[in-house]
$ cat run.txt   # compact mmCIF, C-alpha atoms
# COMPACT_ATOMS: atom_id res chain seq x y z
CA MET A 1 8.46 6.21 -28.49
CA ALA A 2 5.78 8.76 -29.21
CA THR A 3 6.87 12.27 -30.04
CA SER A 4 5.52 15.30 -28.26
CA LYS A 5 3.27 17.69 -30.11
CA VAL A 6 3.68 21.46 -30.08
CA HIS A 7 0.73 23.33 -28.61
CA GLN A 8 -0.46 26.61 -30.12
CA ASN A 9 1.23 28.53 -27.28
CA GLY A 10 4.59 27.06 -28.32
CA LYS A 11 4.99 24.66 -25.37
CA LEU A 12 5.41 20.92 -25.86
CA LYS A 13 2.31 18.87 -25.19
CA LYS A 14 2.45 15.22 -24.11
CA THR A 15 0.71 12.67 -26.27
CA ARG A 16 -1.81 10.26 -24.76
CA LYS A 17 0.61 7.36 -25.06
CA GLU A 18 3.29 9.19 -23.04
CA ALA A 19 0.80 10.06 -20.31
CA VAL A 20 -0.40 6.45 -20.04
CA GLU A 21 3.17 5.11 -19.90
CA LYS A 22 4.13 7.55 -17.15
CA ALA A 23 1.03 6.69 -15.10
CA ALA A 24 1.76 2.96 -15.41
CA GLU A 25 5.31 3.44 -14.13
CA SER A 26 4.25 5.28 -10.99
CA LYS A 27 1.25 3.07 -10.18
CA LYS A 28 1.43 1.36 -6.79
CA LEU A 29 0.09 -2.06 -5.91
CA SER A 30 -3.30 -2.32 -4.25
CA ALA A 31 -3.52 -4.01 -0.86
CA LEU A 32 -4.96 -7.18 -2.43
CA ASP A 33 -2.28 -7.32 -5.12
CA ALA A 34 0.44 -6.80 -2.52
CA ALA A 35 -1.08 -9.49 -0.27
CA ALA A 36 -1.14 -11.96 -3.16
CA LYS A 37 2.52 -11.18 -3.90
CA VAL A 38 3.55 -11.60 -0.24
CA LEU A 39 1.70 -14.92 0.08
CA ALA A 40 3.23 -16.24 -3.15
CA GLU A 41 6.72 -15.29 -1.96
CA SER A 42 6.32 -16.74 1.54
CA GLY A 43 4.73 -20.01 0.44
CA GLN A 44 2.96 -20.46 3.78
CA PRO A 45 -0.38 -19.37 5.24
CA MET A 46 -0.42 -15.98 6.95
CA SER A 47 -2.87 -13.91 8.95
CA CYS A 48 -3.94 -10.51 7.66
CA LYS A 49 -1.92 -8.76 10.35
CA GLU A 50 1.21 -10.66 9.28
CA MET A 51 0.54 -9.81 5.63
CA ILE A 52 0.15 -6.09 6.42
CA GLU A 53 3.48 -6.10 8.29
CA ALA A 54 5.26 -7.98 5.49
CA MET A 55 3.81 -5.69 2.79
CA ASP A 56 5.01 -2.65 4.73
CA GLN A 57 8.51 -4.09 5.35
CA LYS A 58 8.97 -5.00 1.67
CA GLY A 59 7.61 -1.66 0.49
CA TYR A 60 4.76 -3.11 -1.57
CA TRP A 61 1.96 -1.30 0.24
CA SER A 62 1.44 0.68 3.41
CA SER A 63 -1.74 1.87 5.02
CA PRO A 64 -2.60 5.45 4.12
CA GLY A 65 -3.53 6.12 7.75
CA GLY A 66 -6.45 3.77 8.33
CA LYS A 67 -7.06 2.43 11.82
CA THR A 68 -7.78 -1.20 10.86
CA PRO A 69 -5.93 -2.15 7.65
CA ALA A 70 -5.90 -5.85 8.63
CA SER A 71 -9.71 -5.90 8.87
CA THR A 72 -10.02 -4.15 5.52
CA LEU A 73 -7.63 -6.65 3.93
CA TYR A 74 -9.55 -9.57 5.48
CA SER A 75 -12.79 -8.23 4.03
CA GLY A 76 -11.25 -7.82 0.57
CA ILE A 77 -9.74 -11.30 0.55
CA THR A 78 -12.95 -13.01 1.66
CA LYS A 79 -14.92 -11.03 -0.92
CA GLU A 80 -12.55 -12.14 -3.68
CA ILE A 81 -12.83 -15.77 -2.55
CA THR A 82 -16.65 -15.66 -2.62
CA THR A 83 -16.97 -13.77 -5.92
CA LYS A 84 -14.22 -15.49 -7.93
CA GLY A 85 -14.41 -18.92 -6.34
CA LYS A 86 -11.81 -21.27 -7.86
CA GLU A 87 -10.21 -18.41 -9.82
CA SER A 88 -9.39 -16.48 -6.63
CA ARG A 89 -5.74 -15.75 -5.84
CA PHE A 90 -6.34 -16.73 -2.20
CA LYS A 91 -7.57 -19.76 -0.29
CA LYS A 92 -8.59 -19.93 3.35
CA THR A 93 -6.54 -22.51 5.23
CA ASP A 94 -7.62 -21.92 8.82
CA ARG A 95 -9.55 -19.40 10.86
CA GLY A 96 -8.08 -16.00 9.93
CA ARG A 97 -5.27 -17.50 7.80
CA PHE A 98 -4.92 -17.43 4.05
CA ALA A 99 -2.53 -18.95 1.52
CA SER A 100 -1.81 -18.38 -2.13
CA ALA A 101 -4.08 -20.45 -4.34
$ encode --input "run.txt" --output "structure tokens"
Amino acid sequence: MATSKVHQNGKLKKTRKEAVEKAAESKKLSALDAAAKVLAESGQPMSCKEMIEAMDQKGYWSSPGGKTPASTLYSGITKEITTKGKESRFKKTDRGRFASA
């Protein structure tokens, strides 16, 4: 583990490596990452509303106060499908339903 350096004022100063490690520990999942995790765990197609509820119940992600998190998630998933194509983590199974690819 990296050692702390002493600043000229006598206080300990964190090294870059320590700061990066601490940030990585406290980093939360994004809505898309949480949706991919929920779909992989469930193994069945889900609507965006169902994914939002499951992500909140499992503590993976919760809306920071937005009015339409399901619509935002839908937009993000469809954008990933169109931009990444076969490498996308999601696949559309039916109208408004997605499964893990």
$ closest_residue --input "run.txt" --among "A:Gly10, A:Ile52, A:Ser100, A:Leu29" --to "Ala70 of chain A" --atoms "all atoms listed in the file"
A:Ile52
$ atom_distance --input "run.txt" --atom1 "atom CA of Gly96 of chain A" --atom2 "atom CA of Cys48 of chain A"
7.2 Å
$ closest_residue --input "run.txt" --among "A:Thr72, A:Ala36, A:Glu50, A:Gly59" --to "Ser88 of chain A" --atoms "only C-alpha atoms"
A:Ala36
$ residues_around --input "run.txt" --residues "Lys58 of chain A" --least-positions-apart "6" --cutoff "12 Å" --atoms "all atoms listed in the file" --output "PyMOL selection string"
chain A and resi 34-35+37-38+41+51-52
$ write_last_selection --input "run.txt" --atoms "C-alpha atoms" --output "CSV table (one decimal), keeping the file's coordinate frame"
chain,number,residue,atom,x,y,z
A,34,ALA,CA,0.4,-6.8,-2.5
A,35,ALA,CA,-1.1,-9.5,-0.3
A,37,LYS,CA,2.5,-11.2,-3.9
A,38,VAL,CA,3.6,-11.6,-0.2
A,41,GLU,CA,6.7,-15.3,-2.0
A,51,MET,CA,0.5,-9.8,5.6
A,52,ILE,CA,0.2,-6.1,6.4
$ closest_residue --input "run.txt" --among "A:Asn9, A:Leu32, A:Gln44, A:Ala101" --to "Ser62 of chain A" --atoms "only C-alpha atoms"
A:Leu32
$ residues_near_point --input "run.txt" --point "(-4.3, -18.7, -2.6)" --cutoff "10 Å" --atoms "all atoms listed in the file" --output "ChimeraX atom specification"
/A:36,39-40,43-45,77,81,86-93,98-101
$ atom_distance --input "run.txt" --atom1 "atom CA of Ala54 of chain A" --atom2 "atom CA of Tyr74 of chain A"
14.9 Å
